[in-house]
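Next comes model-v2.pdb, a file with PDB, C-alpha atoms.
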ATOM      1  CA  MET A   1     176.451-113.603  10.912
ATOM      2  CA  LEU A   2     174.964-110.130  10.443
ATOM      3  CA  MET A   3     177.550-108.743  12.872
ATOM      4  CA  VAL A   4     180.437-110.316  10.967
ATOM      5  CA  ILE A   5     179.257-109.047   7.590
ATOM      6  CA  CYS A   6     178.501-105.545   8.858
ATOM      7  CA  SER A   7     181.793-105.247  10.768
ATOM      8  CA  ILE A   8     183.755-106.071   7.629
ATOM      9  CA  ALA A   9     181.536-103.839   5.489
ATOM     10  CA  ILE A  10     182.072-100.907   7.879
ATOM     11  CA  GLY A  11     185.817-101.171   7.420
ATOM     12  CA  LEU A  12     185.353-101.343   3.679
ATOM     13  CA  SER A  13     182.957 -98.377   3.523
ATOM     14  CA  PHE A  14     183.179 -97.326  -0.047
ATOM     15  CA  GLY A  15     182.834 -94.066  -1.883
ATOM     16  CA  HIS A  16     185.000 -91.462  -3.516
ATOM     17  CA  THR A  17     183.478 -88.610  -1.578
ATOM     18  CA  ALA A  18     183.055 -87.946   2.112
ATOM     19  CA  LYS A  19     179.268 -88.158   1.700
ATOM     20  CA  GLY A  20     179.515 -91.592   0.072
ATOM     21  CA  VAL A  21     181.750 -92.942   2.810
ATOM     22  CA  MET A  22     179.516 -91.513   5.546
ATOM     23  CA  ALA A  23     176.373 -92.905   3.902
ATOM     24  CA  THR A  24     177.743 -96.445   3.690
ATOM     25  CA  LEU A  25     179.291 -96.168   7.139
ATOM     26  CA  CYS A  26     175.952 -95.113   8.655
ATOM     27  CA  LEU A  27     174.050 -97.833   6.790
ATOM     28  CA  PHE A  28     176.335-100.628   7.948
ATOM     29  CA  ARG A  29     176.524 -99.262  11.522
ATOM     30  CA  PHE A  30     172.718 -99.199  11.614
ATOM     31  CA  CYS A  31     172.551-102.825  10.451
ATOM     32  CA  LEU A  32     175.292-103.780  12.917
ATOM     33  CA  GLY A  33     173.146-102.337  15.695
ATOM     34  CA  PHE A  34     170.391-104.835  14.866
ATOM     35  CA  GLY A  35     172.877-107.692  15.050
ATOM     36  CA  ILE A  36     174.342-106.545  18.361
ATOM     37  CA  GLY A  37     170.917-105.912  19.867
ATOM     38  CA  SER A  38     169.694-109.346  18.836
ATOM     39  CA  ASP A  39     172.818-111.070  20.101
ATOM     40  CA  TYR A  40     172.658-109.242  23.412
ATOM     41  CA  LEU A  41     169.215-110.686  24.160
ATOM     42  CA  LEU A  42     170.022-114.090  22.710
ATOM     43  CA  SER A  43     173.117-114.468  24.890
ATOM     44  CA  ALA A  44     171.137-113.984  28.098
ATOM     45  CA  THR A  45     168.494-116.445  26.922
ATOM     46  CA  ILE A  46     171.050-119.112  26.040
ATOM     47  CA  MET A  47     172.844-118.717  29.367
ATOM     48  CA  SER A  48     169.620-118.928  31.358
ATOM     49  CA  GLU A  49     168.622-122.109  29.525
ATOM     50  CA  TYR A  50     171.966-123.810  30.063
ATOM     51  CA  ALA A  51     172.391-122.856  33.717
ATOM     52  CA  ASN A  52     170.869-124.628  36.680
ATOM     53  CA  LYS A  53     169.004-122.806  39.455
ATOM     54  CA  LYS A  54     172.125-122.202  41.575
ATOM     55  CA  THR A  55     174.316-120.689  38.870
ATOM     56  CA  ARG A  56     171.746-118.971  36.653
ATOM     57  CA  GLY A  57     172.199-115.528  38.217
ATOM     58  CA  ILE A  58     175.979-115.704  37.959
ATOM     59  CA  PHE A  59     175.827-116.783  34.316
ATOM     60  CA  ILE A  60     173.489-113.946  33.363
ATOM     61  CA  ALA A  61     175.640-111.429  35.260
ATOM     62  CA  VAL A  62     178.694-112.645  33.334
ATOM     63  CA  VAL A  63     176.852-112.142  30.034
ATOM     64  CA  PHE A  64     176.065-108.520  30.843
ATOM     65  CA  THR A  65     179.486-107.697  32.322
ATOM     66  CA  THR A  66     181.271-108.883  29.187
ATOM     67  CA  GLN A  67     179.971-105.749  27.480
ATOM     68  CA  GLY A  68     182.280-103.687  29.679
ATOM     69  CA  PHE A  69     185.159-106.025  28.897
ATOM     70  CA  GLY A  70     184.491-105.565  25.181
ATOM     71  CA  ILE A  71     184.460-101.781  25.518
ATOM     72  CA  LEU A  72     187.770-101.863  27.397
ATOM     73  CA  THR A  73     189.298-104.237  24.834
ATOM     74  CA  GLY A  74     188.108-102.034  21.959
ATOM     75  CA  GLY A  75     189.814 -99.021  23.507
ATOM     76  CA  ILE A  76     193.064-100.931  24.014
ATOM     77  CA  VAL A  77     192.992-102.217  20.421
ATOM     78  CA  SER A  78     192.416 -98.658  19.158
ATOM     79  CA  ILE A  79     195.402 -97.383  21.147
ATOM     80  CA  ILE A  80     197.627-100.178  19.824
ATOM     81  CA  ILE A  81     196.607 -99.572  16.202
ATOM     82  CA  SER A  82     197.051 -95.801  16.604
ATOM     83  CA  ALA A  83     200.504 -96.288  18.133
ATOM     84  CA  ALA A  84     201.503 -98.618  15.284
ATOM     85  CA  PHE A  85     200.253 -96.040  12.780
ATOM     86  CA  LYS A  86     202.184 -93.240  14.489
ATOM     87  CA  GLU A  87     205.333 -95.358  14.383
ATOM     88  CA  ARG A  88     204.904 -96.226  10.708
ATOM     89  CA  PHE A  89     203.886 -92.890   9.201
ATOM     90  CA  ASP A  90     205.594 -89.590   9.831
ATOM     91  CA  TYR A  91     203.269 -86.610  10.061
ATOM     92  CA  PRO A  92     203.524 -83.174  11.658
ATOM     93  CA  ALA A  93     201.669 -82.206  14.818
ATOM     94  CA  TYR A  94     198.287 -80.491  14.423
ATOM     95  CA  ARG A  95     199.559 -77.253  15.970
ATOM     96  CA  ASP A  96     202.356 -77.102  13.373
ATOM     97  CA  ASP A  97     200.402 -78.007  10.226
ATOM     98  CA  ARG A  98     196.626 -78.379  10.445
ATOM     99  CA  ALA A  99     196.122 -79.675   6.922
ATOM    100  CA  GLY A 100     199.175 -81.926   6.853
ATOM    101  CA  SER A 101     198.610 -83.509  10.256
ATOM    102  CA  THR A 102     196.010 -85.908   8.871
ATOM    103  CA  VAL A 103     197.686 -88.000   6.224
ATOM    104  CA  PRO A 104     195.579 -90.075   3.798
ATOM    105  CA  GLU A 105     196.670 -93.301   5.481
ATOM    106  CA  ALA A 106     194.827 -92.224   8.661
ATOM    107  CA  ASP A 107     191.673 -93.825   7.284
ATOM    108  CA  TYR A 108     193.320 -97.210   7.792
ATOM    109  CA  ILE A 109     193.186 -96.715  11.568
ATOM    110  CA  TRP A 110     189.425 -96.647  11.869
ATOM    111  CA  CYS A 111     188.944 -99.170   9.065
ATOM    112  CA  THR A 112     191.221-101.690  10.747
ATOM    113  CA  THR A 113     189.785-101.090  14.200
ATOM    114  CA  LEU A 114     186.199-101.544  13.063
ATOM    115  CA  MET A 115     186.999-104.579  10.928
ATOM    116  CA  LEU A 116     188.651-106.279  13.901
ATOM    117  CA  GLY A 117     185.203-106.267  15.494
ATOM    118  CA  ALA A 118     184.351-109.102  13.111
ATOM    119  CA  LEU A 119     186.718-111.476  14.950
ATOM    120  CA  PRO A 120     184.748-111.815  18.207
ATOM    121  CA  ALA A 121     181.514-111.866  16.214
ATOM    122  CA  ALA A 122     182.814-114.702  14.029
ATOM    123  CA  LEU A 123     184.007-116.654  17.069
ATOM    124  CA  THR A 124     180.616-116.222  18.729
ATOM    125  CA  TYR A 125     178.863-117.429  15.582
ATOM    126  CA  TYR A 126     181.165-120.455  15.338
ATOM    127  CA  TRP A 127     180.700-121.424  18.994
ATOM    128  CA  ARG A 128     176.926-121.042  18.755
ATOM    129  CA  MET A 129     176.805-123.338  15.740
ATOM    130  CA  LYS A 130     178.780-125.961  17.685
ATOM    131  CA  MET A 131     176.572-125.767  20.793
ATOM    132  CA  PRO A 132     174.090-128.584  21.294
ATOM    133  CA  GLU A 133     170.440-127.716  21.746
ATOM    134  CA  THR A 134     169.394-127.175  25.334
ATOM    135  CA  ALA A 135     167.624-129.952  27.194
ATOM    136  CA  ARG A 136     164.502-127.832  27.509
ATOM    137  CA  TYR A 137     164.365-127.270  23.747
ATOM    138  CA  THR A 138     165.018-130.944  23.032
ATOM    139  CA  ALA A 139     162.240-132.070  25.381
ATOM    140  CA  LEU A 140     159.582-129.451  24.681
ATOM    141  CA  VAL A 141     160.042-128.351  21.063
ATOM    142  CA  ALA A 142     161.812-131.262  19.390
ATOM    143  CA  LYS A 143     159.673-133.677  21.438
ATOM    144  CA  ASN A 144     162.628-135.987  22.097
ATOM    145  CA  ALA A 145     162.300-136.719  25.811
ATOM    146  CA  LYS A 146     164.594-139.751  25.652
ATOM    147  CA  ARG A 147     167.527-137.624  24.439
ATOM    148  CA  ALA A 148     166.724-134.755  26.820
ATOM    149  CA  ALA A 149     166.422-136.890  29.985
ATOM    150  CA  PRO A 150     170.167-137.309  30.674
ATOM    151  CA  GLU A 151     170.774-133.602  30.049
ATOM    152  CA  CYS A 152     167.896-132.553  32.328
ATOM    153  CA  ARG A 153     169.365-134.482  35.270
ATOM    154  CA  GLY A 154     172.363-132.148  35.286
ATOM    155  CA  ILE A 155     170.196-129.014  35.244
ATOM    156  CA  ILE A 156     167.672-129.833  37.966
TER     157      ILE A 156
END
Go ahead and express the file in the form of structure tokens.
Amino acid sequence: MLMVICSIAIGLSFGHTAKGVMATLCLFRFCLGFGIGSDYLLSATIMSEYANKKTRGIFIAVVFTTQGFGILTGGIVSIIISAAFKERFDYPAYRDDRAGSTVPEADYIWCTTLMLGALPAALTYYWRMKMPETARYTALVAKNAKRAAPECRGII
């Protein structure tokens, strides 16, 4: 949930001055880093608990390779939003007019791009809330061996 809140807050970085915007942007990016770092470790743990011995390595590899997929997707989304912005707003080239080449609406590009990062975070949060507890957790921590027994047969 921290990732969702911080992603939206980054896009809504407030302030009337450049210093105010940068301060809030840095604060929310710092907090977002905690959420991403926590989720990164949690994802590998969840996958290793759900996987059996044969597929555990593949599952963990998939978790860590999705980072590259996310980076690629983020770049593609940025290009699409920038192209839509270029189509919508007319502005001169930088070599022709340095001051006029960055119109005030340009802030919407980075705001929109960063706020879209809340979508995968929200989906991850939703799916994690819908996941059942692992058989290992049910047996060892919740002390409900009867409920965990059928689930353990599929893992071993």
Practice prompt. List the neighbours of range 25-35 of chain A out to 9 Å using all atoms listed in the file; skip same-chain residues closer than 5 positions along the sequence, and give me the result as number ranges by chain.
Written response: A: 1-7, 9-14, 20, 40
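Selection check: the PyMOL selection byres ((chain A and resi 43) around 12) on the shown file gives Gly35, Ile36, Gly37, Ser38, Asp39, Tyr40, Leu41, Leu42, Ala44, Thr45, Ile46, Met47, Ser48, Glu49, Tyr50, Phe59, Ile60, Ala61, Val62, Val63, Phe64, Thr65, Thr66, Gln67, Thr124, Tyr125, Trp127 and Arg128 of chain A.
Picture a line from CA of Arg98 in chain A to CA of Trp110 in chain A; it runs 19.7 Å.
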Please, which residues in range 103-139 of chain A fall within 9 Å of range 68-87 of chain A when counting all atoms listed in the file, and what is the closest atom pair and distance in Å to one decimal for each, ordered by chain then residue number, as CSV?
residue,atom,partner,partner_atom,distance
A:Glu105,CA,A:Phe85,CA,8.6
A:Ala106,CA,A:Phe85,CA,7.8
A:Tyr108,CA,A:Phe85,CA,8.6
A:Ile109,CA,A:Ser82,CA,6.4
A:Trp110,CA,A:Ser78,CA,8.1
A:Thr112,CA,A:Ile81,CA,8.0
A:Thr113,CA,A:Ser78,CA,6.1
A:Leu116,CA,A:Val77,CA,8.8
A:Gly117,CA,A:Gly74,CA,8.3
Taking all listed atoms of range 55-72 of chain A, build the axis-aligned box, pad each of the six sides by 6 Å, then write its centre and edge lengths in Å to one decimal as lines of an AutoDock Vina configuration file.
center_x = 179.8
center_y = -111.2
center_z = 32.0
size_x = 28.0
size_y = 30.9
size_z = 25.7
Worksheet entry | For Val103 in chain A, the nearest of the candidates A:Tyr126, A:Glu133, A:Phe89, A:Pro120, counting all atoms listed in the file |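 Looking at the shortest contact to Val103 in chain A, the residue is A:Phe89.
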Discussion item. I'd like the interatomic distance between CA of Val21 in chain A and CA of Ala99 in chain A, to a tenth of an Å.
Written reply: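 Interatomic distance, CA of Val21 in chain A to CA of Ala99 in chain A: 20.0 Å.
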Worksheet item: By how many Å are CA of Pro132 in chain A and CA of Met115 in chain A apart?
Response: 29.2 Å
